[in-house]
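Trainee: This is model04.cif (mmCIF, C-alpha atoms and all ligand atoms).
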```cif
data_structure
#
loop_
_atom_site.group_PDB
_atom_site.id
_atom_site.type_symbol
_atom_site.label_atom_id
_atom_site.label_comp_id
_atom_site.auth_asym_id
_atom_site.auth_seq_id
_atom_site.Cartn_x
_atom_site.Cartn_y
_atom_site.Cartn_z
ATOM 1 C CA MET A 1 0.000 0.000 0.000
ATOM 2 C CA LYS A 2 1.118 3.555 -0.802
ATOM 3 C CA ARG A 3 2.374 5.357 2.294
ATOM 4 C CA GLU A 4 3.901 8.784 2.863
ATOM 5 C CA GLN A 5 5.663 10.834 0.235
ATOM 6 C CA LEU A 6 9.413 10.621 0.787
ATOM 7 C CA TYR A 7 10.776 12.832 -1.940
ATOM 8 C CA SER A 8 9.603 14.811 -4.925
ATOM 9 C CA GLY A 9 12.087 15.391 -7.726
ATOM 10 C CA LYS A 10 11.641 17.315 -10.951
ATOM 11 C CA ALA A 11 9.762 14.541 -12.773
ATOM 12 C CA LYS A 12 9.007 11.802 -10.260
ATOM 13 C CA THR A 13 7.648 11.538 -6.730
ATOM 14 C CA ILE A 14 8.781 8.757 -4.424
ATOM 15 C CA TYR A 15 6.497 7.178 -1.828
ATOM 16 C CA ALA A 16 7.078 4.668 0.939
ATOM 17 C CA THR A 17 5.087 1.424 0.940
ATOM 18 C CA ASP A 18 4.200 -1.152 3.585
ATOM 19 C CA ASP A 19 7.266 -3.070 2.477
ATOM 20 C CA PRO A 20 10.423 -1.440 3.911
ATOM 21 C CA ASP A 21 12.387 -2.750 0.918
ATOM 22 C CA ALA A 22 10.115 -1.279 -1.758
ATOM 23 C CA LEU A 23 9.154 2.237 -2.886
ATOM 24 C CA ILE A 24 6.703 3.644 -5.375
ATOM 25 C CA SER A 25 8.127 5.854 -8.103
ATOM 26 C CA GLU A 26 5.359 7.953 -9.610
ATOM 27 C CA PHE A 27 6.082 9.467 -13.017
ATOM 28 C CA ARG A 28 4.586 12.954 -13.248
ATOM 29 C CA ASN A 29 3.663 15.115 -16.240
ATOM 30 C CA SER A 30 5.954 17.984 -15.225
ATOM 31 C CA LEU A 31 8.816 18.876 -17.517
ATOM 32 C CA THR A 32 11.897 20.846 -16.581
ATOM 33 C CA ALA A 33 15.133 21.696 -18.321
ATOM 34 C CA PHE A 34 18.323 23.593 -17.586
ATOM 35 C CA ASN A 35 18.279 22.674 -13.901
ATOM 36 C CA GLY A 36 14.679 23.667 -13.468
ATOM 37 C CA GLU A 37 14.938 27.076 -15.194
ATOM 38 C CA LYS A 38 12.526 26.072 -17.933
ATOM 39 C CA LYS A 39 9.289 24.501 -16.804
ATOM 40 C CA GLY A 40 6.385 22.877 -18.569
ATOM 41 C CA GLU A 41 3.768 20.218 -18.408
ATOM 42 C CA MET A 42 2.785 17.541 -20.870
ATOM 43 C CA GLU A 43 -0.319 15.427 -20.700
ATOM 44 C CA LYS A 44 0.537 11.700 -20.619
ATOM 45 C CA LYS A 45 4.268 12.361 -20.163
ATOM 46 C CA GLY A 46 4.308 10.337 -16.950
ATOM 47 C CA TYR A 47 2.451 7.554 -18.698
ATOM 48 C CA TYR A 48 4.717 7.343 -21.740
ATOM 49 C CA ASN A 49 7.932 7.647 -19.722
ATOM 50 C CA SER A 50 6.917 5.037 -17.163
ATOM 51 C CA GLN A 51 5.830 2.572 -19.854
ATOM 52 C CA ILE A 52 9.032 3.101 -21.863
ATOM 53 C CA SER A 53 11.144 2.689 -18.703
ATOM 54 C CA LYS A 54 9.273 -0.438 -17.688
ATOM 55 C CA LYS A 55 9.811 -2.039 -21.084
ATOM 56 C CA LEU A 56 13.514 -1.193 -21.180
ATOM 57 C CA PHE A 57 14.074 -2.348 -17.573
ATOM 58 C CA GLU A 58 12.362 -5.651 -18.414
ATOM 59 C CA MET A 59 14.480 -6.096 -21.526
ATOM 60 C CA LEU A 60 17.668 -5.389 -19.553
ATOM 61 C CA GLU A 61 16.624 -7.770 -16.756
ATOM 62 C CA GLU A 62 16.090 -10.513 -19.353
ATOM 63 C CA LYS A 63 19.654 -9.901 -20.507
ATOM 64 C CA GLY A 64 21.038 -10.210 -16.983
ATOM 65 C CA ILE A 65 21.202 -6.580 -15.829
ATOM 66 C CA ARG A 66 19.790 -6.118 -12.333
ATOM 67 C CA THR A 67 17.442 -3.136 -12.037
ATOM 68 C CA HIS A 68 15.254 -1.664 -9.301
ATOM 69 C CA PHE A 69 12.088 -2.410 -11.310
ATOM 70 C CA ILE A 70 9.611 -4.762 -9.617
ATOM 71 C CA LYS A 71 6.286 -4.129 -11.366
ATOM 72 C CA MET A 72 3.832 -1.463 -12.431
ATOM 73 C CA LEU A 73 1.080 -0.672 -9.919
ATOM 74 C CA SER A 74 -0.817 1.637 -12.266
ATOM 75 C CA ASP A 75 -0.236 3.490 -15.544
ATOM 76 C CA ILE A 76 2.270 5.816 -13.870
ATOM 77 C CA GLU A 77 3.265 4.117 -10.611
ATOM 78 C CA MET A 78 6.263 1.821 -10.612
ATOM 79 C CA LEU A 79 7.052 -0.375 -7.632
ATOM 80 C CA VAL A 80 10.818 -0.378 -7.236
ATOM 81 C CA ARG A 81 13.387 -1.867 -4.909
ATOM 82 C CA LYS A 82 14.656 0.570 -2.319
ATOM 83 C CA VAL A 83 18.280 1.372 -3.018
ATOM 84 C CA GLU A 84 20.774 3.919 -1.799
ATOM 85 C CA ILE A 85 21.159 6.171 -4.844
ATOM 86 C CA ILE A 86 24.743 6.826 -5.903
ATOM 87 C CA LYS A 87 24.962 10.543 -6.633
ATOM 88 C CA ILE A 88 26.630 10.117 -9.985
ATOM 89 C CA GLU A 89 24.818 10.763 -13.281
ATOM 90 C CA VAL A 90 26.379 8.302 -15.672
ATOM 91 C CA ILE A 91 26.168 9.549 -19.250
ATOM 92 C CA VAL A 92 26.974 7.286 -22.160
ATOM 93 C CA ARG A 93 27.536 8.968 -25.507
ATOM 94 C CA ASN A 94 27.504 7.226 -28.883
ATOM 95 C CA ILE A 95 26.901 10.195 -31.185
ATOM 96 C CA ALA A 96 27.912 13.758 -30.341
ATOM 97 C CA ALA A 97 24.988 15.918 -29.209
ATOM 98 C CA GLY A 98 24.105 18.303 -26.413
ATOM 99 C CA SER A 99 26.594 19.625 -23.881
ATOM 100 C CA ILE A 100 29.636 17.817 -25.275
ATOM 101 C CA THR A 101 29.255 19.798 -28.530
ATOM 102 C CA ARG A 102 29.092 23.060 -26.568
ATOM 103 C CA LYS A 103 31.988 22.394 -24.192
ATOM 104 C CA TYR A 104 34.468 20.885 -26.647
ATOM 105 C CA PRO A 105 35.298 21.213 -30.346
ATOM 106 C CA ILE A 106 33.141 18.238 -31.254
ATOM 107 C CA GLU A 107 30.590 18.574 -34.021
ATOM 108 C CA GLU A 108 27.029 17.368 -33.493
ATOM 109 C CA GLY A 109 26.371 14.079 -35.230
ATOM 110 C CA ILE A 110 29.941 12.736 -35.086
ATOM 111 C CA VAL A 111 29.765 9.012 -34.314
ATOM 112 C CA PHE A 112 32.253 8.123 -31.573
ATOM 113 C CA GLU A 113 34.586 5.217 -32.317
ATOM 114 C CA SER A 114 33.779 3.812 -28.917
ATOM 115 C CA PRO A 115 31.257 5.069 -26.377
ATOM 116 C CA VAL A 116 32.284 8.157 -24.409
ATOM 117 C CA LEU A 117 31.463 7.855 -20.718
ATOM 118 C CA VAL A 118 30.933 10.975 -18.625
ATOM 119 C CA PHE A 119 30.256 11.133 -14.890
ATOM 120 C CA ASP A 120 28.441 14.183 -13.487
ATOM 121 C CA TYR A 121 27.891 14.943 -9.817
ATOM 122 C CA LYS A 122 24.133 14.610 -9.209
ATOM 123 C CA SER A 123 23.578 17.885 -7.380
ATOM 124 C CA ASP A 124 21.048 20.553 -8.332
ATOM 125 C CA GLU A 125 22.783 22.898 -5.895
ATOM 126 C CA PHE A 126 26.070 22.676 -7.784
ATOM 127 C CA GLY A 127 24.548 22.338 -11.257
ATOM 128 C CA ASP A 128 25.664 18.739 -11.905
ATOM 129 C CA PRO A 129 29.384 19.473 -12.514
ATOM 130 C CA MET A 130 31.487 16.891 -14.300
ATOM 131 C CA LEU A 131 33.467 14.497 -12.122
ATOM 132 C CA ASN A 132 36.660 12.599 -12.539
ATOM 133 C CA ASP A 133 37.540 9.556 -10.473
ATOM 134 C CA ASP A 134 39.588 11.542 -7.945
ATOM 135 C CA ILE A 135 36.775 14.015 -7.304
ATOM 136 C CA ALA A 136 34.199 11.222 -7.026
ATOM 137 C CA LEU A 137 36.443 9.458 -4.509
ATOM 138 C CA THR A 138 37.146 12.678 -2.584
ATOM 139 C CA LEU A 139 33.426 13.424 -2.348
ATOM 140 C CA GLY A 140 32.912 9.856 -1.134
ATOM 141 C CA LEU A 141 30.327 9.229 -3.868
ATOM 142 C CA ALA A 142 31.575 5.731 -4.610
ATOM 143 C CA THR A 143 34.580 3.506 -4.054
ATOM 144 C CA ARG A 144 37.124 2.782 -6.758
ATOM 145 C CA GLU A 145 35.659 -0.681 -7.112
ATOM 146 C CA GLU A 146 32.127 0.682 -7.416
ATOM 147 C CA ILE A 147 33.241 3.151 -10.089
ATOM 148 C CA ALA A 148 34.719 0.292 -12.092
ATOM 149 C CA THR A 149 31.485 -1.704 -11.735
ATOM 150 C CA ILE A 150 29.373 1.276 -12.778
ATOM 151 C CA ARG A 151 31.515 1.812 -15.879
ATOM 152 C CA LYS A 152 31.187 -1.840 -16.869
ATOM 153 C CA LEU A 153 27.431 -1.905 -16.292
ATOM 154 C CA ALA A 154 26.859 1.342 -18.210
ATOM 155 C CA LEU A 155 28.774 0.052 -21.227
ATOM 156 C CA ARG A 156 26.947 -3.293 -21.128
ATOM 157 C CA ILE A 157 23.575 -1.511 -20.899
ATOM 158 C CA ASN A 158 24.581 0.602 -23.904
ATOM 159 C CA GLU A 159 25.480 -2.555 -25.865
ATOM 160 C CA LEU A 160 21.998 -3.906 -25.150
ATOM 161 C CA LEU A 161 20.031 -0.707 -25.748
ATOM 162 C CA VAL A 162 21.608 0.336 -29.049
ATOM 163 C CA PRO A 163 20.548 -2.704 -31.140
ATOM 164 C CA TYR A 164 17.184 -2.980 -29.354
ATOM 165 C CA LEU A 165 16.334 0.614 -30.250
ATOM 166 C CA ASP A 166 17.866 0.381 -33.721
ATOM 167 C CA GLU A 167 15.433 -2.432 -34.542
ATOM 168 C CA ARG A 168 12.675 0.016 -33.655
ATOM 169 C CA GLY A 169 14.035 2.779 -35.888
ATOM 170 C CA ILE A 170 15.613 4.746 -33.064
ATOM 171 C CA LEU A 171 19.192 5.989 -32.744
ATOM 172 C CA LEU A 172 20.597 6.483 -29.245
ATOM 173 C CA PRO A 173 23.071 9.407 -29.339
ATOM 174 C CA ASP A 174 23.348 9.464 -25.545
ATOM 175 C CA PHE A 175 21.559 8.736 -22.291
ATOM 176 C CA LYS A 176 21.886 9.133 -18.544
ATOM 177 C CA LEU A 177 21.769 6.361 -15.967
ATOM 178 C CA GLU A 178 21.665 6.302 -12.186
ATOM 179 C CA PHE A 179 22.702 3.384 -10.041
ATOM 180 C CA GLY A 180 21.929 2.393 -6.491
ATOM 181 C CA ARG A 181 23.403 0.179 -3.788
ATOM 182 C CA ILE A 182 21.475 -2.687 -2.291
ATOM 183 C CA ASN A 183 22.959 -5.423 -0.103
ATOM 184 C CA GLY A 184 26.458 -4.696 -1.349
ATOM 185 C CA GLU A 185 25.384 -4.888 -4.966
ATOM 186 C CA ILE A 186 25.044 -2.108 -7.560
ATOM 187 C CA ILE A 187 21.864 -2.134 -9.600
ATOM 188 C CA LEU A 188 20.316 0.139 -12.201
ATOM 189 C CA ALA A 189 17.810 2.634 -10.759
ATOM 190 C CA ASP A 190 15.902 5.777 -11.783
ATOM 191 C CA GLU A 191 14.411 5.608 -15.307
ATOM 192 C CA ILE A 192 15.277 5.183 -18.969
ATOM 193 C CA SER A 193 12.901 7.395 -20.893
ATOM 194 C CA CYS A 194 12.449 10.311 -23.269
ATOM 195 C CA ASP A 195 13.533 12.582 -20.401
ATOM 196 C CA THR A 196 16.857 10.839 -19.846
ATOM 197 C CA CYS A 197 17.875 9.718 -23.332
ATOM 198 C CA ARG A 198 18.414 11.335 -26.684
ATOM 199 C CA PHE A 199 16.329 9.379 -29.144
ATOM 200 C CA TRP A 200 16.686 10.280 -32.840
ATOM 201 C CA ASP A 201 14.603 8.922 -35.654
ATOM 202 C CA LYS A 202 16.974 6.622 -37.540
ATOM 203 C CA GLU A 203 16.017 7.931 -40.990
ATOM 204 C CA THR A 204 15.566 11.670 -40.427
ATOM 205 C CA LYS A 205 17.708 12.165 -37.244
ATOM 206 C CA ARG A 206 14.760 14.118 -35.824
ATOM 207 C CA SER A 207 14.733 14.456 -31.996
ATOM 208 C CA MET A 208 12.082 12.402 -30.217
ATOM 209 C CA ASP A 209 13.033 13.246 -26.615
ATOM 210 C CA LYS A 210 13.283 16.092 -24.118
ATOM 211 C CA ASP A 211 15.398 18.127 -26.564
ATOM 212 C CA VAL A 212 12.066 18.923 -28.285
ATOM 213 C CA PHE A 213 11.094 20.749 -25.076
ATOM 214 C CA ARG A 214 14.570 22.070 -24.225
ATOM 215 C CA PHE A 215 15.097 23.682 -27.617
ATOM 216 C CA ASP A 216 11.505 24.216 -28.809
ATOM 217 C CA LYS A 217 11.912 21.750 -31.643
ATOM 218 C CA GLY A 218 8.212 21.044 -32.175
ATOM 219 C CA ASP A 219 5.405 19.021 -30.660
ATOM 220 C CA ILE A 220 6.693 17.262 -27.559
ATOM 221 C CA SER A 221 3.546 15.158 -27.118
ATOM 222 C CA LYS A 222 3.903 13.741 -30.612
ATOM 223 C CA ALA A 223 7.595 13.013 -30.061
ATOM 224 C CA TYR A 224 7.097 11.075 -26.801
ATOM 225 C CA GLU A 225 4.082 9.257 -28.228
ATOM 226 C CA GLU A 226 6.094 8.219 -31.279
ATOM 227 C CA VAL A 227 8.813 6.697 -29.077
ATOM 228 C CA ALA A 228 6.170 4.912 -26.991
ATOM 229 C CA ARG A 229 4.564 3.552 -30.177
ATOM 230 C CA ARG A 230 7.890 2.076 -31.249
ATOM 231 C CA ILE A 231 9.017 0.708 -27.861
ATOM 232 C CA VAL A 232 5.693 -0.240 -26.252
ATOM 233 C CA PRO A 233 3.282 -0.720 -29.195
ATOM 234 C CA GLU A 234 1.113 -2.957 -27.005
ATOM 235 C CA ILE A 235 -0.219 -0.006 -24.997
ATOM 236 C CA PHE A 236 -1.801 1.404 -28.167
ATOM 237 C CA GLU A 237 -3.677 -1.780 -29.098
HETATM 238 P P1 LIG B 301 23.756 16.733 -22.005
HETATM 239 O O1 LIG B 301 24.202 16.648 -23.436
HETATM 240 O O2 LIG B 301 22.828 17.899 -21.767
HETATM 241 O O3 LIG B 301 24.898 16.708 -21.058
HETATM 242 O O4 LIG B 301 22.871 15.439 -21.712
HETATM 243 C C1 LIG B 301 23.397 14.157 -21.868
HETATM 244 C C2 LIG B 301 22.311 13.129 -21.670
HETATM 245 O O5 LIG B 301 21.870 13.112 -20.337
HETATM 246 C C3 LIG B 301 21.053 13.355 -22.515
HETATM 247 O O6 LIG B 301 20.648 12.109 -23.030
HETATM 248 C C4 LIG B 301 20.038 13.883 -21.576
HETATM 249 C C5 LIG B 301 20.472 13.338 -20.246
HETATM 250 N N1 LIG B 301 20.271 14.282 -19.156
HETATM 251 C C6 LIG B 301 19.513 13.899 -18.058
HETATM 252 O O7 LIG B 301 18.960 12.802 -18.013
HETATM 253 N N2 LIG B 301 19.398 14.786 -17.032
HETATM 254 C C7 LIG B 301 19.991 15.995 -17.032
HETATM 255 O O8 LIG B 301 19.848 16.741 -16.059
HETATM 256 C C8 LIG B 301 20.774 16.375 -18.174
HETATM 257 C C9 LIG B 301 21.453 17.706 -18.226
HETATM 258 C C10 LIG B 301 20.886 15.484 -19.197
HETATM 259 N N1 LIG B 302 17.065 17.425 -15.716
HETATM 260 C C1 LIG B 302 17.441 18.832 -15.721
HETATM 261 C C2 LIG B 302 16.248 19.677 -15.349
HETATM 262 O O1 LIG B 302 15.199 19.140 -15.149
HETATM 263 C C3 LIG B 302 18.101 19.278 -16.965
HETATM 264 C C4 LIG B 302 17.709 18.709 -18.293
HETATM 265 O O2 LIG B 302 17.227 17.598 -18.392
HETATM 266 O O3 LIG B 302 17.933 19.422 -19.283
HETATM 267 O O4 LIG B 302 16.286 20.877 -15.232
#
```
Using structure tokens, write down the structure that the file contains.
Ligand code: TMP
Ligand code: ASP
Mentor:
Amino acid sequence: MKREQLYSGKAKTIYATDDPDALISEFRNSLTAFNGEKKGEMEKKGYYNSQISKKLFEMLEEKGIRTHFIKMLSDIEMLVRKVEIIKIEVIVRNIAAGSITRKYPIEEGIVFESPVLVFDYKSDEFGDPMLNDDIALTLGLATREEIATIRKLALRINELLVPYLDERGILLPDFKLEFGRINGEIILADEISCDTCRFWDKETKRSMDKDVFRFDKGDISKAYEEVARRIVPEIFE
């Protein structure tokens, strides 16, 4: 049963349950960008993102990646395992887009020879600055061993997501993952959705993700719905 609200982030609200080892992650319709500076709302955003996340978590679980996903309780409520979130945003980049093209002389659309991994400090207060291993260790965010595990898991998840999405006509320029600790193990947490990934149409390279909202690239509802149609067609039947 749903108990008290524990935390409300920019896109999801977390609730306690009767089970001390499980939480409810509720996907809301609110949209934010640029560390909350730009705000919006999209009908069904919570629905599409939770269904996309569910499907991708299930696919990854089938391939041997442990995630916090347990089951859906409603259209937008996901029952998840309670983990201790590691405050590192793990970004995997396959094709240059977004901040890497603004910070470095790297042209948008360049395909990286091998995935480029970036760690950011998950902190709204500090604006998610980039980390290196020494800073992550100094901040006590993770141990050296955990960092190595996170790197390996992120790259494996990328190897699984890229072909899965490609078969559905979607390119994955980059995405952000969060991991959590549970009983000495590191598992995938948070979400994998249009808010946390760049999804490009394979043919036209059109954005079908939060960049549509960030940079006013068109109809965000249509973009998220299109991704949901390709990844979770069963919810449209
Ligand atoms: P970036 O190019 O803006 O650094 O974003 C890299 C990836 O991380 C992109 O797929 C979007 C995702 N992302 C988040 O999930 N949360 C964030 O706060 C930011 C800035 C990016
Ligand atoms: N997640 C951040 C925000 O909500 C930034 C972004 O996704 O662009 O403000």
Trainee: Just want the 12 Å neighbourhood of Glu191 in chain A, counted on only C-alpha atoms, with same-chain residues fewer than 2 positions away dropped. Output as a VMD selection string.
Mentor: chain A and resid 11 to 12 25 to 27 46 48 to 58 67 to 69 78 80 89 175 to 179 188 to 189 193 to 197
Trainee: Would you kindly translate the PyMOL selection byres (((chain A and resi 24) around 9) and not hetatm) into the concrete residues it picks from this file, as a list of chain:residue names?
Mentor: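 Applying the PyMOL selection byres (((chain A and resi 24) around 9) and not hetatm) to the structure shown produces A:Lys2, A:Arg3, A:Thr13, A:Ile14, A:Tyr15, A:Ala16, A:Thr17, A:Ala22, A:Leu23, A:Ser25, A:Glu26, A:Leu73, A:Glu77, A:Met78, A:Leu79, A:Val80, A:Arg81.
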Trainee: How would the residues just chosen look if you wrote them out with C-alpha atoms as a PDB file, in the frame of the given file?
Mentor:
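Once everything was written out, this is selection_32.pdb:
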```
ATOM      1  CA  LYS A   2       1.118   3.555  -0.802  1.00  0.00           C
ATOM      2  CA  ARG A   3       2.374   5.357   2.294  1.00  0.00           C
ATOM      3  CA  THR A  13       7.648  11.538  -6.730  1.00  0.00           C
ATOM      4  CA  ILE A  14       8.781   8.757  -4.424  1.00  0.00           C
ATOM      5  CA  TYR A  15       6.497   7.178  -1.828  1.00  0.00           C
ATOM      6  CA  ALA A  16       7.078   4.668   0.939  1.00  0.00           C
ATOM      7  CA  THR A  17       5.087   1.424   0.940  1.00  0.00           C
ATOM      8  CA  ALA A  22      10.115  -1.279  -1.758  1.00  0.00           C
ATOM      9  CA  LEU A  23       9.154   2.237  -2.886  1.00  0.00           C
ATOM     10  CA  SER A  25       8.127   5.854  -8.103  1.00  0.00           C
ATOM     11  CA  GLU A  26       5.359   7.953  -9.610  1.00  0.00           C
ATOM     12  CA  LEU A  73       1.080  -0.672  -9.919  1.00  0.00           C
ATOM     13  CA  GLU A  77       3.265   4.117 -10.611  1.00  0.00           C
ATOM     14  CA  MET A  78       6.263   1.821 -10.612  1.00  0.00           C
ATOM     15  CA  LEU A  79       7.052  -0.375  -7.632  1.00  0.00           C
ATOM     16  CA  VAL A  80      10.818  -0.378  -7.236  1.00  0.00           C
ATOM     17  CA  ARG A  81      13.387  -1.867  -4.909  1.00  0.00           C
TER      18      ARG A  81
END
```
Trainee: Counting all atoms listed in the file, which residue out of A:Phe34, A:Glu234, A:Gly180, A:Asp174 sits closest to Ala96 in chain A?
Mentor: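 The answer is A:Asp174, which sits nearest to Ala96 in chain A.
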Trainee: Please evaluate the PyMOL selection byres (((not hetatm)) within 6 of (chain B and resi 302)) against the displayed coordinates and give the resulting residues as a ChimeraX atom specification.
Mentor: /A:10,32-36
Trainee: Work out how far apart CA of Val227 in chain A and CA of Lys87 in chain A are and give it in Å to one decimal.
Mentor: 27.9 Å
Trainee: Rank A:Ala97, A:Ala148, A:Met72, A:Ile88 by their smallest atom-to-atom distance to ligand LIG 301 (chain B), using all atoms listed in the file, and report the top residue only.
Mentor: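 Comparing A:Ala97, A:Ala148, A:Met72, A:Ile88 against ligand LIG 301 (chain B), the winner is A:Ala97.
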Trainee: I'd like the interatomic distance between CA of Tyr47 in chain A and CA of Asp75 in chain A, to a tenth of an Å.
Mentor: 5.8 Å
Trainee: So what does the PyMOL selection byres (((chain A and resi 146) around 12) and not hetatm) actually pick up in this one, as number ranges by chain?
Mentor: A: 86, 88, 133, 136-137, 140-145, 147-153, 179-181, 184-187
Trainee: Those residues you just picked out, can you put them in a file as a compact mmCIF listing (two decimals), in the coordinates of the input with C-alpha atoms?
Mentor:
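Okay, this is what ended up in out.txt:
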```
# COMPACT_ATOMS: atom_id res chain seq x y z
CA ILE A 86 24.74 6.83 -5.90
CA ILE A 88 26.63 10.12 -9.98
CA ASP A 133 37.54 9.56 -10.47
CA ALA A 136 34.20 11.22 -7.03
CA LEU A 137 36.44 9.46 -4.51
CA GLY A 140 32.91 9.86 -1.13
CA LEU A 141 30.33 9.23 -3.87
CA ALA A 142 31.58 5.73 -4.61
CA THR A 143 34.58 3.51 -4.05
CA ARG A 144 37.12 2.78 -6.76
CA GLU A 145 35.66 -0.68 -7.11
CA ILE A 147 33.24 3.15 -10.09
CA ALA A 148 34.72 0.29 -12.09
CA THR A 149 31.48 -1.70 -11.74
CA ILE A 150 29.37 1.28 -12.78
CA ARG A 151 31.52 1.81 -15.88
CA LYS A 152 31.19 -1.84 -16.87
CA LEU A 153 27.43 -1.90 -16.29
CA PHE A 179 22.70 3.38 -10.04
CA GLY A 180 21.93 2.39 -6.49
CA ARG A 181 23.40 0.18 -3.79
CA GLY A 184 26.46 -4.70 -1.35
CA GLU A 185 25.38 -4.89 -4.97
CA ILE A 186 25.04 -2.11 -7.56
CA ILE A 187 21.86 -2.13 -9.60
```
Trainee: Write out as number ranges by chain the residues lying within 9 Å of Leu161 in chain A, counting only C-alpha atoms and excluding same-chain residues fewer than 2 positions away.
Mentor: A: 56, 59-60, 156-159, 163-166, 172
Trainee: May I have the centre and edge lengths, in Å to one decimal, of an axis-aligned box around the listed atoms of ligand LIG 301 (chain B) with 4 Å added to every side, as AutoDock Vina command-line options?
Mentor:
```
--center_x 21.9 --center_y 15.0 --center_z -19.7 --size_x 13.9 --size_y 13.8 --size_z 15.4
```
Trainee: Which residue, A:Leu117, A:Val212, A:Met42, A:Ile100, has the smallest gap to ligand LIG 301 (chain B) when you use all atoms listed in the file?
Mentor: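 So, comparing all the options, the nearest one is A:Ile100.
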Trainee: Excluding same-chain residues fewer than 6 positions from range 199-203 of chain A, what lies within 7 Å of it counting only C-alpha atoms, as a list of chain:residue names?
Mentor: A:Gly169, A:Ile170, A:Leu171, A:Leu172, A:Pro173, A:Asp209
Trainee: From the options A:Glu108, A:Glu4, A:Glu167, A:Glu237, which residue's atoms come nearest to ligand LIG 301 (chain B), counting only C-alpha atoms and all ligand atoms?
Mentor: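 Going through A:Glu108, A:Glu4, A:Glu167, A:Glu237 one by one, the smallest distance to ligand LIG 301 (chain B) is for A:Glu108.
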Trainee: Go through A:Leu6, A:Val83, A:Ile65, A:Val92 one by one, measure the shortest atom-to-atom distance of each to ligand LIG 301 (chain B) using only C-alpha atoms and all ligand atoms, and give the residue with the smallest value.
Mentor: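 Checking each of A:Leu6, A:Val83, A:Ile65, A:Val92 against ligand LIG 301 (chain B), counting only C-alpha atoms and all ligand atoms, the winner is A:Val92.
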Trainee: Kindly indicate which residue among A:Asn183, A:Ser8, A:Ser123, A:Ser114 lies nearest to ligand LIG 301 (chain B), using all atoms listed in the file for the distances.
Mentor: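 For ligand LIG 301 (chain B), the nearest of the given residues is A:Ser123.
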Trainee: Select all residues near (5.5, 13.6, -27.1) (cut-off 9 Å, inclusive, file coordinates), counting all atoms listed in the file, and output them as a list in words.
Mentor: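 Residues close enough to count: Met42, Glu43, Lys44, Lys45, Tyr48, Cys194, Met208, Asp209, Lys210, Val212, Asp219, Ile220, Ser221, Lys222, Ala223, Tyr224, Glu225, Glu226, Val227 and Ala228 of chain A.
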Trainee: N, CA, C and O atoms are what I want for range 143-152 of chain A; can you complete it accordingly and write them as a compact mmCIF listing (two decimals), in the frame of the given file?
Mentor:
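Done, and the output landed in selection.txt:
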```txt
# COMPACT_ATOMS: atom_id res chain seq x y z
N THR A 143 33.21 4.01 -4.20
CA THR A 143 34.58 3.51 -4.05
C THR A 143 35.17 3.27 -5.45
O THR A 143 34.44 3.24 -6.44
N ARG A 144 36.47 3.05 -5.49
CA ARG A 144 37.12 2.78 -6.76
C ARG A 144 36.52 1.54 -7.43
O ARG A 144 36.29 1.51 -8.63
N GLU A 145 36.24 0.57 -6.61
CA GLU A 145 35.66 -0.68 -7.11
C GLU A 145 34.26 -0.44 -7.68
O GLU A 145 33.90 -0.94 -8.74
N GLU A 146 33.48 0.37 -6.94
CA GLU A 146 32.13 0.68 -7.42
C GLU A 146 32.17 1.45 -8.74
O GLU A 146 31.36 1.21 -9.64
N ILE A 147 33.12 2.37 -8.85
CA ILE A 147 33.24 3.15 -10.09
C ILE A 147 33.52 2.21 -11.26
O ILE A 147 32.93 2.34 -12.34
N ALA A 148 34.39 1.25 -11.03
CA ALA A 148 34.72 0.29 -12.09
C ALA A 148 33.48 -0.52 -12.47
O ALA A 148 33.21 -0.76 -13.66
N THR A 149 32.71 -0.93 -11.47
CA THR A 149 31.48 -1.70 -11.74
C THR A 149 30.48 -0.87 -12.52
O THR A 149 29.86 -1.35 -13.48
N ILE A 150 30.32 0.38 -12.11
CA ILE A 150 29.37 1.28 -12.78
C ILE A 150 29.75 1.46 -14.25
O ILE A 150 28.91 1.41 -15.15
N ARG A 151 31.04 1.66 -14.50
CA ARG A 151 31.52 1.81 -15.88
C ARG A 151 31.16 0.59 -16.72
O ARG A 151 30.64 0.70 -17.83
N LYS A 152 31.44 -0.58 -16.15
CA LYS A 152 31.19 -1.84 -16.87
C LYS A 152 29.70 -2.02 -17.15
O LYS A 152 29.29 -2.37 -18.26
```
